[in-house]
>>> print(open('data-v9.cif').read())   # mmCIF, N, CA and C atoms
data_model
#
loop_
_atom_site.label_atom_id
_atom_site.label_comp_id
_atom_site.auth_asym_id
_atom_site.auth_seq_id
_atom_site.Cartn_x
_atom_site.Cartn_y
_atom_site.Cartn_z
N MET A 774 122.58 27.06 113.84
CA MET A 774 121.39 27.69 113.32
C MET A 774 120.46 28.13 114.46
N VAL A 775 120.40 27.32 115.51
CA VAL A 775 119.55 27.65 116.65
C VAL A 775 120.07 28.90 117.36
N THR A 776 121.39 29.01 117.49
CA THR A 776 121.94 30.19 118.16
C THR A 776 121.67 31.45 117.36
N LEU A 777 121.72 31.36 116.03
CA LEU A 777 121.41 32.51 115.19
C LEU A 777 119.96 32.93 115.38
N PHE A 778 119.07 31.96 115.45
CA PHE A 778 117.66 32.25 115.67
C PHE A 778 117.44 32.91 117.03
N LEU A 779 118.14 32.42 118.06
CA LEU A 779 118.01 33.02 119.39
C LEU A 779 118.51 34.46 119.40
N LYS A 780 119.60 34.73 118.68
CA LYS A 780 120.11 36.10 118.59
C LYS A 780 119.10 37.01 117.91
N CYS A 781 118.44 36.49 116.88
CA CYS A 781 117.39 37.26 116.20
C CYS A 781 116.24 37.56 117.14
N LEU A 782 115.86 36.59 117.96
CA LEU A 782 114.79 36.80 118.93
C LEU A 782 115.16 37.87 119.95
N ILE A 783 116.39 37.83 120.41
CA ILE A 783 116.84 38.84 121.37
C ILE A 783 116.81 40.23 120.73
N GLY A 784 117.27 40.33 119.49
CA GLY A 784 117.23 41.61 118.79
C GLY A 784 115.81 42.11 118.60
N ALA A 785 114.91 41.20 118.23
CA ALA A 785 113.50 41.57 118.05
C ALA A 785 112.89 42.01 119.38
N ALA A 786 113.24 41.33 120.46
CA ALA A 786 112.73 41.71 121.78
C ALA A 786 113.21 43.10 122.16
N ALA A 787 114.47 43.40 121.86
CA ALA A 787 115.01 44.73 122.16
C ALA A 787 114.27 45.81 121.37
N VAL A 788 114.00 45.54 120.09
CA VAL A 788 113.28 46.51 119.25
C VAL A 788 111.86 46.70 119.79
N MET A 789 111.22 45.61 120.19
CA MET A 789 109.87 45.72 120.75
C MET A 789 109.88 46.52 122.05
N LEU A 790 110.88 46.29 122.90
CA LEU A 790 110.98 47.03 124.15
C LEU A 790 111.19 48.52 123.87
N ILE A 791 112.02 48.84 122.91
CA ILE A 791 112.24 50.24 122.53
C ILE A 791 110.94 50.87 122.04
N ALA A 792 110.22 50.15 121.19
CA ALA A 792 108.94 50.66 120.66
C ALA A 792 107.93 50.89 121.78
N ILE A 793 107.83 49.95 122.71
CA ILE A 793 106.89 50.09 123.83
C ILE A 793 107.28 51.26 124.71
N LEU A 794 108.57 51.34 125.05
CA LEU A 794 109.02 52.43 125.91
C LEU A 794 108.86 53.80 125.25
N SER A 795 109.04 53.86 123.93
CA SER A 795 108.94 55.15 123.24
C SER A 795 107.52 55.70 123.28
N LYS A 796 106.55 54.85 123.51
CA LYS A 796 105.16 55.29 123.60
C LYS A 796 104.70 55.55 125.03
N SER A 797 105.56 55.28 126.01
CA SER A 797 105.19 55.47 127.41
C SER A 797 105.47 56.91 127.83
N LYS A 798 105.01 57.26 129.04
CA LYS A 798 105.28 58.62 129.52
C LYS A 798 106.76 58.83 129.82
N ASN A 799 107.47 57.74 130.04
CA ASN A 799 108.93 57.81 130.24
C ASN A 799 109.65 57.37 128.97
N TYR A 800 109.27 57.97 127.84
CA TYR A 800 109.80 57.61 126.52
C TYR A 800 111.31 57.66 126.43
N PHE A 801 111.95 58.52 127.21
CA PHE A 801 113.41 58.71 127.16
C PHE A 801 114.16 57.46 127.58
N ILE A 802 113.52 56.56 128.33
CA ILE A 802 114.17 55.32 128.74
C ILE A 802 114.48 54.44 127.53
N ALA A 803 113.76 54.65 126.44
CA ALA A 803 114.03 53.89 125.21
C ALA A 803 115.48 54.09 124.75
N GLY A 804 116.08 55.22 125.10
CA GLY A 804 117.48 55.47 124.74
C GLY A 804 118.47 54.67 125.55
N LEU A 805 118.02 54.07 126.65
CA LEU A 805 118.91 53.26 127.48
C LEU A 805 119.00 51.81 126.99
N VAL A 806 117.94 51.31 126.40
CA VAL A 806 117.90 49.91 125.98
C VAL A 806 119.04 49.54 125.03
N PRO A 807 119.33 50.32 123.99
CA PRO A 807 120.41 49.92 123.08
C PRO A 807 121.78 49.94 123.73
N LEU A 808 121.89 50.54 124.89
CA LEU A 808 123.19 50.61 125.55
C LEU A 808 123.48 49.41 126.45
N PHE A 809 122.52 48.46 126.54
CA PHE A 809 122.82 47.24 127.27
C PHE A 809 124.00 46.56 126.58
N PRO A 810 125.00 46.15 127.33
CA PRO A 810 126.25 45.68 126.69
C PRO A 810 126.20 44.26 126.13
N SER A 811 125.17 43.93 125.38
CA SER A 811 125.07 42.57 124.84
C SER A 811 126.23 42.25 123.90
N PHE A 812 126.51 43.14 122.95
CA PHE A 812 127.62 42.89 122.03
C PHE A 812 128.96 43.01 122.74
N ALA A 813 129.05 43.89 123.71
CA ALA A 813 130.30 44.02 124.47
C ALA A 813 130.58 42.74 125.25
N LEU A 814 129.55 42.15 125.83
CA LEU A 814 129.75 40.88 126.55
C LEU A 814 130.28 39.80 125.62
N ILE A 815 129.72 39.72 124.44
CA ILE A 815 130.19 38.72 123.47
C ILE A 815 131.63 39.01 123.06
N ALA A 816 131.91 40.27 122.73
CA ALA A 816 133.26 40.64 122.32
C ALA A 816 134.27 40.40 123.43
N HIS A 817 133.93 40.77 124.65
CA HIS A 817 134.86 40.60 125.77
C HIS A 817 135.12 39.12 126.05
N TYR A 818 134.09 38.30 125.97
CA TYR A 818 134.27 36.87 126.18
C TYR A 818 135.19 36.27 125.12
N ILE A 819 134.94 36.63 123.86
CA ILE A 819 135.77 36.08 122.77
C ILE A 819 137.21 36.55 122.90
N VAL A 820 137.42 37.84 123.15
CA VAL A 820 138.79 38.36 123.28
C VAL A 820 139.51 37.68 124.44
N ALA A 821 138.83 37.55 125.59
CA ALA A 821 139.48 36.97 126.77
C ALA A 821 139.79 35.49 126.59
N THR A 822 138.91 34.76 125.91
CA THR A 822 139.16 33.33 125.75
C THR A 822 140.10 33.01 124.60
N GLU A 823 140.13 33.86 123.57
CA GLU A 823 141.00 33.59 122.43
C GLU A 823 142.36 34.28 122.55
N ARG A 824 142.44 35.31 123.38
CA ARG A 824 143.71 36.01 123.57
C ARG A 824 144.13 35.83 125.02
N ASN A 825 144.02 36.90 125.81
CA ASN A 825 144.38 36.82 127.23
C ASN A 825 143.73 37.98 127.98
N MET A 826 143.98 38.04 129.28
CA MET A 826 143.36 39.08 130.11
C MET A 826 143.90 40.47 129.77
N GLU A 827 145.15 40.56 129.35
CA GLU A 827 145.69 41.86 128.94
C GLU A 827 144.94 42.39 127.72
N ALA A 828 144.64 41.50 126.79
CA ALA A 828 143.87 41.90 125.61
C ALA A 828 142.46 42.33 126.02
N LEU A 829 141.89 41.65 127.02
CA LEU A 829 140.57 42.04 127.52
C LEU A 829 140.62 43.44 128.12
N ARG A 830 141.68 43.71 128.91
CA ARG A 830 141.82 45.05 129.49
C ARG A 830 141.97 46.12 128.41
N MET A 831 142.74 45.83 127.37
CA MET A 831 142.94 46.78 126.27
C MET A 831 141.62 47.01 125.53
N THR A 832 140.85 45.94 125.34
CA THR A 832 139.56 46.05 124.67
C THR A 832 138.60 46.89 125.50
N ALA A 833 138.61 46.69 126.82
CA ALA A 833 137.75 47.48 127.70
C ALA A 833 138.16 48.95 127.69
N LEU A 834 139.46 49.20 127.69
CA LEU A 834 139.94 50.59 127.64
C LEU A 834 139.53 51.26 126.33
N PHE A 835 139.68 50.54 125.22
CA PHE A 835 139.25 51.10 123.95
C PHE A 835 137.74 51.34 123.96
N GLY A 836 137.00 50.46 124.61
CA GLY A 836 135.56 50.64 124.74
C GLY A 836 135.22 51.93 125.48
N LEU A 837 136.00 52.26 126.50
CA LEU A 837 135.78 53.53 127.20
C LEU A 837 136.02 54.71 126.28
N TYR A 838 137.11 54.65 125.51
CA TYR A 838 137.39 55.74 124.56
C TYR A 838 136.34 55.82 123.46
N SER A 839 135.73 54.67 123.13
CA SER A 839 134.71 54.67 122.07
C SER A 839 133.44 55.38 122.50
N LEU A 840 133.34 55.73 123.76
CA LEU A 840 132.20 56.53 124.21
C LEU A 840 132.27 57.95 123.65
N MET A 841 133.46 58.40 123.27
CA MET A 841 133.59 59.75 122.71
C MET A 841 132.84 59.90 121.38
N PRO A 842 132.99 58.98 120.42
CA PRO A 842 132.18 59.12 119.20
C PRO A 842 130.68 59.03 119.48
N TYR A 843 130.30 58.20 120.44
CA TYR A 843 128.88 58.09 120.77
C TYR A 843 128.38 59.39 121.40
N ALA A 844 129.18 59.98 122.29
CA ALA A 844 128.80 61.26 122.88
C ALA A 844 128.69 62.33 121.80
N ALA A 845 129.62 62.33 120.86
CA ALA A 845 129.56 63.30 119.75
C ALA A 845 128.28 63.09 118.94
N TYR A 846 127.90 61.84 118.72
CA TYR A 846 126.66 61.52 118.02
C TYR A 846 125.46 62.12 118.76
N LEU A 847 125.39 61.88 120.06
CA LEU A 847 124.26 62.39 120.84
C LEU A 847 124.21 63.91 120.85
N ILE A 848 125.35 64.55 120.98
CA ILE A 848 125.40 66.01 120.94
C ILE A 848 124.92 66.50 119.57
N ALA A 849 125.34 65.81 118.50
CA ALA A 849 124.92 66.19 117.15
C ALA A 849 123.41 66.01 116.98
N VAL A 850 122.86 64.91 117.49
CA VAL A 850 121.41 64.71 117.40
C VAL A 850 120.70 65.86 118.10
N TYR A 851 121.15 66.19 119.28
CA TYR A 851 120.52 67.28 120.04
C TYR A 851 120.61 68.60 119.26
N TYR A 852 121.80 68.92 118.77
CA TYR A 852 122.00 70.19 118.05
C TYR A 852 121.21 70.23 116.74
N PHE A 853 121.39 69.20 115.90
CA PHE A 853 120.76 69.22 114.58
C PHE A 853 119.24 69.12 114.64
N SER A 854 118.71 68.60 115.74
CA SER A 854 117.25 68.47 115.85
C SER A 854 116.56 69.83 115.87
N TYR A 855 117.31 70.88 116.18
CA TYR A 855 116.76 72.24 116.15
C TYR A 855 116.77 72.83 114.73
N HIS A 856 117.57 72.25 113.85
CA HIS A 856 117.80 72.86 112.55
C HIS A 856 117.39 72.01 111.35
N LEU A 857 117.26 70.70 111.52
CA LEU A 857 117.02 69.80 110.40
C LEU A 857 115.82 68.90 110.64
N SER A 858 115.39 68.20 109.59
CA SER A 858 114.34 67.20 109.73
C SER A 858 114.89 65.99 110.49
N VAL A 859 114.01 65.04 110.77
CA VAL A 859 114.46 63.83 111.46
C VAL A 859 115.54 63.12 110.67
N MET A 860 115.30 62.89 109.38
CA MET A 860 116.30 62.19 108.57
C MET A 860 117.60 62.99 108.44
N GLY A 861 117.48 64.29 108.26
CA GLY A 861 118.67 65.14 108.19
C GLY A 861 119.44 65.12 109.49
N THR A 862 118.73 65.17 110.60
CA THR A 862 119.37 65.13 111.92
C THR A 862 120.13 63.83 112.11
N LEU A 863 119.46 62.70 111.84
CA LEU A 863 120.09 61.40 112.08
C LEU A 863 121.24 61.14 111.11
N LEU A 864 121.09 61.52 109.87
CA LEU A 864 122.18 61.36 108.90
C LEU A 864 123.38 62.20 109.30
N SER A 865 123.14 63.45 109.67
CA SER A 865 124.24 64.33 110.09
C SER A 865 124.93 63.78 111.33
N ALA A 866 124.13 63.28 112.27
CA ALA A 866 124.70 62.75 113.51
C ALA A 866 125.54 61.50 113.24
N VAL A 867 125.09 60.66 112.32
CA VAL A 867 125.87 59.47 111.96
C VAL A 867 127.19 59.89 111.32
N LEU A 868 127.16 60.90 110.48
CA LEU A 868 128.41 61.39 109.87
C LEU A 868 129.36 61.92 110.93
N VAL A 869 128.82 62.59 111.93
CA VAL A 869 129.66 63.06 113.05
C VAL A 869 130.27 61.86 113.77
N TRP A 870 129.46 60.81 114.01
CA TRP A 870 129.97 59.62 114.66
C TRP A 870 131.11 59.01 113.84
N VAL A 871 130.92 58.90 112.53
CA VAL A 871 131.95 58.32 111.65
C VAL A 871 133.24 59.12 111.74
N MET A 872 133.14 60.44 111.72
CA MET A 872 134.34 61.28 111.80
C MET A 872 135.06 61.07 113.13
N PHE A 873 134.31 61.06 114.24
CA PHE A 873 134.93 60.88 115.55
C PHE A 873 135.50 59.47 115.70
N ALA A 874 134.81 58.47 115.17
CA ALA A 874 135.32 57.10 115.24
C ALA A 874 136.61 56.97 114.43
N TYR A 875 136.65 57.59 113.26
CA TYR A 875 137.86 57.58 112.44
C TYR A 875 139.02 58.23 113.18
N LEU A 876 138.76 59.40 113.77
CA LEU A 876 139.82 60.08 114.53
C LEU A 876 140.30 59.22 115.70
N LEU A 877 139.37 58.60 116.41
CA LEU A 877 139.74 57.73 117.52
C LEU A 877 140.63 56.60 117.04
N LEU A 878 140.26 55.95 115.95
CA LEU A 878 141.07 54.85 115.43
C LEU A 878 142.45 55.31 115.01
N MET A 879 142.53 56.46 114.36
CA MET A 879 143.84 56.97 113.92
C MET A 879 144.74 57.26 115.12
N VAL A 880 144.20 57.88 116.13
CA VAL A 880 144.98 58.20 117.33
C VAL A 880 145.36 56.92 118.06
N TRP A 881 144.41 56.01 118.21
CA TRP A 881 144.64 54.77 118.95
C TRP A 881 145.73 53.91 118.28
N VAL A 882 145.64 53.75 116.97
CA VAL A 882 146.58 52.90 116.26
C VAL A 882 147.98 53.49 116.33
N ARG A 883 148.10 54.80 116.30
CA ARG A 883 149.43 55.42 116.35
C ARG A 883 150.04 55.45 117.74
N ASN A 884 149.22 55.45 118.79
CA ASN A 884 149.73 55.66 120.14
C ASN A 884 149.68 54.46 121.06
N VAL A 885 149.00 53.40 120.68
CA VAL A 885 148.86 52.26 121.58
C VAL A 885 149.53 51.05 120.95
N VAL A 886 150.35 50.39 121.75
CA VAL A 886 150.98 49.14 121.31
C VAL A 886 149.98 48.02 121.56
N VAL A 887 149.57 47.34 120.49
CA VAL A 887 148.59 46.27 120.61
C VAL A 887 149.29 45.00 121.06
N VAL A 888 148.67 44.31 122.02
CA VAL A 888 149.25 43.08 122.56
C VAL A 888 149.15 41.96 121.56
#
>>> encode(input="data-v9.cif", output="structure tokens")
Amino acid sequence: MVTLFLKCLIGAAAVMLIAILSKSKNYFIAGLVPLFPSFALIAHYIVATERNMEALRMTALFGLYSLMPYAAYLIAVYYFSYHLSVMGTLLSAVLVWVMFAYLLLMVWVRNVVVV
């Protein structure tokens, strides 16, 4: 229960940092905060300790490929922000992310032998 509470505090601190940075003159730095690899660190630790180092390498490689859906999301946000409202932009960008993530999974599952 204590660890769950600590995770909530870390999440709240990240949200507060994003809110503070978004109001500063360097507001764009707020986009860097969510990219801190907190969840990746947890995932990599669990994979490496419950599986092996080869599984960790495969997970890291998949993580690199997963940057493609995120890049597609960012490109969509940039593009749609000229044509849609905030909610329309973000919803459209999330749909783009879902499509690219689905394509990545389909290609990955068909072409990579999982350890």
>>> axis_aligned_box(input="data-v9.cif", around="region 842-855 of chain A", padding_each_side="5 Å", output="JSON")
{"center_x": 124.8, "center_y": 65.5, "center_z": 118.7, "size_x": 26.4, "size_y": 24.7, "size_z": 18.3}
>>> resolve_selection(input="data-v9.cif", expression="the PyMOL selection byres (((chain A and resi 832 and name CA) around 10) and name CA)", output="number ranges by chain")
A: 813, 816-817, 820-821, 826-831, 833-838, 887
>>> write_last_selection(input="data-v9.cif", atoms="N, CA and C atoms", output="JSON list (two decimals), keeping the file's coordinate frame")
[["chain", "number", "residue", "atom", "x", "y", "z"],
["A", 813, "ALA", "N", 129.05, 43.89, 123.71],
["A", 813, "ALA", "CA", 130.30, 44.02, 124.47],
["A", 813, "ALA", "C", 130.58, 42.74, 125.25],
["A", 816, "ALA", "N", 131.91, 40.27, 122.73],
["A", 816, "ALA", "CA", 133.26, 40.64, 122.32],
["A", 816, "ALA", "C", 134.27, 40.40, 123.43],
["A", 817, "HIS", "N", 133.93, 40.77, 124.65],
["A", 817, "HIS", "CA", 134.86, 40.60, 125.77],
["A", 817, "HIS", "C", 135.12, 39.12, 126.05],
["A", 820, "VAL", "N", 137.42, 37.84, 123.15],
["A", 820, "VAL", "CA", 138.79, 38.36, 123.28],
["A", 820, "VAL", "C", 139.51, 37.68, 124.44],
["A", 821, "ALA", "N", 138.83, 37.55, 125.59],
["A", 821, "ALA", "CA", 139.48, 36.97, 126.77],
["A", 821, "ALA", "C", 139.79, 35.49, 126.59],
["A", 826, "MET", "N", 143.98, 38.04, 129.28],
["A", 826, "MET", "CA", 143.36, 39.08, 130.11],
["A", 826, "MET", "C", 143.90, 40.47, 129.77],
["A", 827, "GLU", "N", 145.15, 40.56, 129.35],
["A", 827, "GLU", "CA", 145.69, 41.86, 128.94],
["A", 827, "GLU", "C", 144.94, 42.39, 127.72],
["A", 828, "ALA", "N", 144.64, 41.50, 126.79],
["A", 828, "ALA", "CA", 143.87, 41.90, 125.61],
["A", 828, "ALA", "C", 142.46, 42.33, 126.02],
["A", 829, "LEU", "N", 141.89, 41.65, 127.02],
["A", 829, "LEU", "CA", 140.57, 42.04, 127.52],
["A", 829, "LEU", "C", 140.62, 43.44, 128.12],
["A", 830, "ARG", "N", 141.68, 43.71, 128.91],
["A", 830, "ARG", "CA", 141.82, 45.05, 129.49],
["A", 830, "ARG", "C", 141.97, 46.12, 128.41],
["A", 831, "MET", "N", 142.74, 45.83, 127.37],
["A", 831, "MET", "CA", 142.94, 46.78, 126.27],
["A", 831, "MET", "C", 141.62, 47.01, 125.53],
["A", 833, "ALA", "N", 138.61, 46.69, 126.82],
["A", 833, "ALA", "CA", 137.75, 47.48, 127.70],
["A", 833, "ALA", "C", 138.16, 48.95, 127.69],
["A", 834, "LEU", "N", 139.46, 49.20, 127.69],
["A", 834, "LEU", "CA", 139.94, 50.59, 127.64],
["A", 834, "LEU", "C", 139.53, 51.26, 126.33],
["A", 835, "PHE", "N", 139.68, 50.54, 125.22],
["A", 835, "PHE", "CA", 139.25, 51.10, 123.95],
["A", 835, "PHE", "C", 137.74, 51.34, 123.96],
["A", 836, "GLY", "N", 137.00, 50.46, 124.61],
["A", 836, "GLY", "CA", 135.56, 50.64, 124.74],
["A", 836, "GLY", "C", 135.22, 51.93, 125.48],
["A", 837, "LEU", "N", 136.00, 52.26, 126.50],
["A", 837, "LEU", "CA", 135.78, 53.53, 127.20],
["A", 837, "LEU", "C", 136.02, 54.71, 126.28],
["A", 838, "TYR", "N", 137.11, 54.65, 125.51],
["A", 838, "TYR", "CA", 137.39, 55.74, 124.56],
["A", 838, "TYR", "C", 136.34, 55.82, 123.46],
["A", 887, "VAL", "N", 149.57, 47.34, 120.49],
["A", 887, "VAL", "CA", 148.59, 46.27, 120.61],
["A", 887, "VAL", "C", 149.29, 45.00, 121.06]]
>>> closest_residue(input="data-v9.cif", among="A:Phe809, A:Leu847, A:Ala803, A:Met774", to="Ile791 (chain A)", atoms="all atoms listed in the file")
A:Ala803
>>> atom_distance(input="data-v9.cif", atom1="atom N of Glu823 (chain A)", atom2="atom N of Ile783 (chain A)")
24.3 Å
>>> resolve_selection(input="data-v9.cif", expression="the PyMOL selection byres (((chain A and resi 806 and name CA) around 12) and name CA)", output="JSON, numbers by chain")
{"A": [784, 786, 787, 788, 789, 790, 791, 792, 793, 794, 795, 800, 801, 802, 803, 804, 805, 807, 808, 809, 810, 811]}
>>> write_last_selection(input="data-v9.cif", atoms="N, CA and C atoms", output="PDB file, keeping the file's coordinate frame")
ATOM      1  N   GLY A 784     117.270  40.330 119.490  1.00  0.00           N
ATOM      2  CA  GLY A 784     117.230  41.610 118.790  1.00  0.00           C
ATOM      3  C   GLY A 784     115.810  42.110 118.600  1.00  0.00           C
ATOM      4  N   ALA A 786     113.240  41.330 120.460  1.00  0.00           N
ATOM      5  CA  ALA A 786     112.730  41.710 121.780  1.00  0.00           C
ATOM      6  C   ALA A 786     113.210  43.100 122.160  1.00  0.00           C
ATOM      7  N   ALA A 787     114.470  43.400 121.860  1.00  0.00           N
ATOM      8  CA  ALA A 787     115.010  44.730 122.160  1.00  0.00           C
ATOM      9  C   ALA A 787     114.270  45.810 121.370  1.00  0.00           C
ATOM     10  N   VAL A 788     114.000  45.540 120.090  1.00  0.00           N
ATOM     11  CA  VAL A 788     113.280  46.510 119.250  1.00  0.00           C
ATOM     12  C   VAL A 788     111.860  46.700 119.790  1.00  0.00           C
ATOM     13  N   MET A 789     111.220  45.610 120.190  1.00  0.00           N
ATOM     14  CA  MET A 789     109.870  45.720 120.750  1.00  0.00           C
ATOM     15  C   MET A 789     109.880  46.520 122.050  1.00  0.00           C
ATOM     16  N   LEU A 790     110.880  46.290 122.900  1.00  0.00           N
ATOM     17  CA  LEU A 790     110.980  47.030 124.150  1.00  0.00           C
ATOM     18  C   LEU A 790     111.190  48.520 123.870  1.00  0.00           C
ATOM     19  N   ILE A 791     112.020  48.840 122.910  1.00  0.00           N
ATOM     20  CA  ILE A 791     112.240  50.240 122.530  1.00  0.00           C
ATOM     21  C   ILE A 791     110.940  50.870 122.040  1.00  0.00           C
ATOM     22  N   ALA A 792     110.220  50.150 121.190  1.00  0.00           N
ATOM     23  CA  ALA A 792     108.940  50.660 120.660  1.00  0.00           C
ATOM     24  C   ALA A 792     107.930  50.890 121.780  1.00  0.00           C
ATOM     25  N   ILE A 793     107.830  49.950 122.710  1.00  0.00           N
ATOM     26  CA  ILE A 793     106.890  50.090 123.830  1.00  0.00           C
ATOM     27  C   ILE A 793     107.280  51.260 124.710  1.00  0.00           C
ATOM     28  N   LEU A 794     108.570  51.340 125.050  1.00  0.00           N
ATOM     29  CA  LEU A 794     109.020  52.430 125.910  1.00  0.00           C
ATOM     30  C   LEU A 794     108.860  53.800 125.250  1.00  0.00           C
ATOM     31  N   SER A 795     109.040  53.860 123.930  1.00  0.00           N
ATOM     32  CA  SER A 795     108.940  55.150 123.240  1.00  0.00           C
ATOM     33  C   SER A 795     107.520  55.700 123.280  1.00  0.00           C
ATOM     34  N   TYR A 800     109.270  57.970 127.840  1.00  0.00           N
ATOM     35  CA  TYR A 800     109.800  57.610 126.520  1.00  0.00           C
ATOM     36  C   TYR A 800     111.310  57.660 126.430  1.00  0.00           C
ATOM     37  N   PHE A 801     111.950  58.520 127.210  1.00  0.00           N
ATOM     38  CA  PHE A 801     113.410  58.710 127.160  1.00  0.00           C
ATOM     39  C   PHE A 801     114.160  57.460 127.580  1.00  0.00           C
ATOM     40  N   ILE A 802     113.520  56.560 128.330  1.00  0.00           N
ATOM     41  CA  ILE A 802     114.170  55.320 128.740  1.00  0.00           C
ATOM     42  C   ILE A 802     114.480  54.440 127.530  1.00  0.00           C
ATOM     43  N   ALA A 803     113.760  54.650 126.440  1.00  0.00           N
ATOM     44  CA  ALA A 803     114.030  53.890 125.210  1.00  0.00           C
ATOM     45  C   ALA A 803     115.480  54.090 124.750  1.00  0.00           C
ATOM     46  N   GLY A 804     116.080  55.220 125.100  1.00  0.00           N
ATOM     47  CA  GLY A 804     117.480  55.470 124.740  1.00  0.00           C
ATOM     48  C   GLY A 804     118.470  54.670 125.550  1.00  0.00           C
ATOM     49  N   LEU A 805     118.020  54.070 126.650  1.00  0.00           N
ATOM     50  CA  LEU A 805     118.910  53.260 127.480  1.00  0.00           C
ATOM     51  C   LEU A 805     119.000  51.810 126.990  1.00  0.00           C
ATOM     52  N   PRO A 807     119.330  50.320 123.990  1.00  0.00           N
ATOM     53  CA  PRO A 807     120.410  49.920 123.080  1.00  0.00           C
ATOM     54  C   PRO A 807     121.780  49.940 123.730  1.00  0.00           C
ATOM     55  N   LEU A 808     121.890  50.540 124.890  1.00  0.00           N
ATOM     56  CA  LEU A 808     123.190  50.610 125.550  1.00  0.00           C
ATOM     57  C   LEU A 808     123.480  49.410 126.450  1.00  0.00           C
ATOM     58  N   PHE A 809     122.520  48.460 126.540  1.00  0.00           N
ATOM     59  CA  PHE A 809     122.820  47.240 127.270  1.00  0.00           C
ATOM     60  C   PHE A 809     124.000  46.560 126.580  1.00  0.00           C
ATOM     61  N   PRO A 810     125.000  46.150 127.330  1.00  0.00           N
ATOM     62  CA  PRO A 810     126.250  45.680 126.690  1.00  0.00           C
ATOM     63  C   PRO A 810     126.200  44.260 126.130  1.00  0.00           C
ATOM     64  N   SER A 811     125.170  43.930 125.380  1.00  0.00           N
ATOM     65  CA  SER A 811     125.070  42.570 124.840  1.00  0.00           C
ATOM     66  C   SER A 811     126.230  42.250 123.900  1.00  0.00           C
TER      67      SER A 811
END
>>> atom_distance(input="data-v9.cif", atom1="atom C of Trp881 (chain A)", atom2="atom C of Tyr843 (chain A)")
18.5 Å
>>> select_by_dssp(input="data-v9.cif", residues="chain A", states="helix (DSSP H, G or I)", output="ChimeraX atom specification")
/A:775-795,800-804,806-808,811-823,826-838,840-853,859-884
>>> atom_distance(input="data-v9.cif", atom1="atom C of Leu876 (chain A)", atom2="CA of Leu864 (chain A)")
19.5 Å
>>> residues_around(input="data-v9.cif", residues="Tyr846 (chain A)", least_positions_apart="4", cutoff="5 Å", atoms="only N, CA and C atoms", output="PyMOL selection string")
chain A and resi 842+850+866+870
>>> write_last_selection(input="data-v9.cif", atoms="N, CA and C atoms", output="short mmCIF file (atom, residue, chain, number, x, y, z; two decimals), keeping the file's coordinate frame")
data_model
loop_
_atom_site.label_atom_id
_atom_site.label_comp_id
_atom_site.auth_asym_id
_atom_site.auth_seq_id
_atom_site.Cartn_x
_atom_site.Cartn_y
_atom_site.Cartn_z
N PRO A 842 132.99 58.98 120.42
CA PRO A 842 132.18 59.12 119.20
C PRO A 842 130.68 59.03 119.48
N VAL A 850 122.86 64.91 117.49
CA VAL A 850 121.41 64.71 117.40
C VAL A 850 120.70 65.86 118.10
N ALA A 866 124.13 63.28 112.27
CA ALA A 866 124.70 62.75 113.51
C ALA A 866 125.54 61.50 113.24
N TRP A 870 129.46 60.81 114.01
CA TRP A 870 129.97 59.62 114.66
C TRP A 870 131.11 59.01 113.84
#
>>> closest_residue(input="data-v9.cif", among="A:Ala785, A:Ser839, A:Asn825, A:Ala849", to="Ser865 (chain A)", atoms="only N, CA and C atoms")
A:Ala849
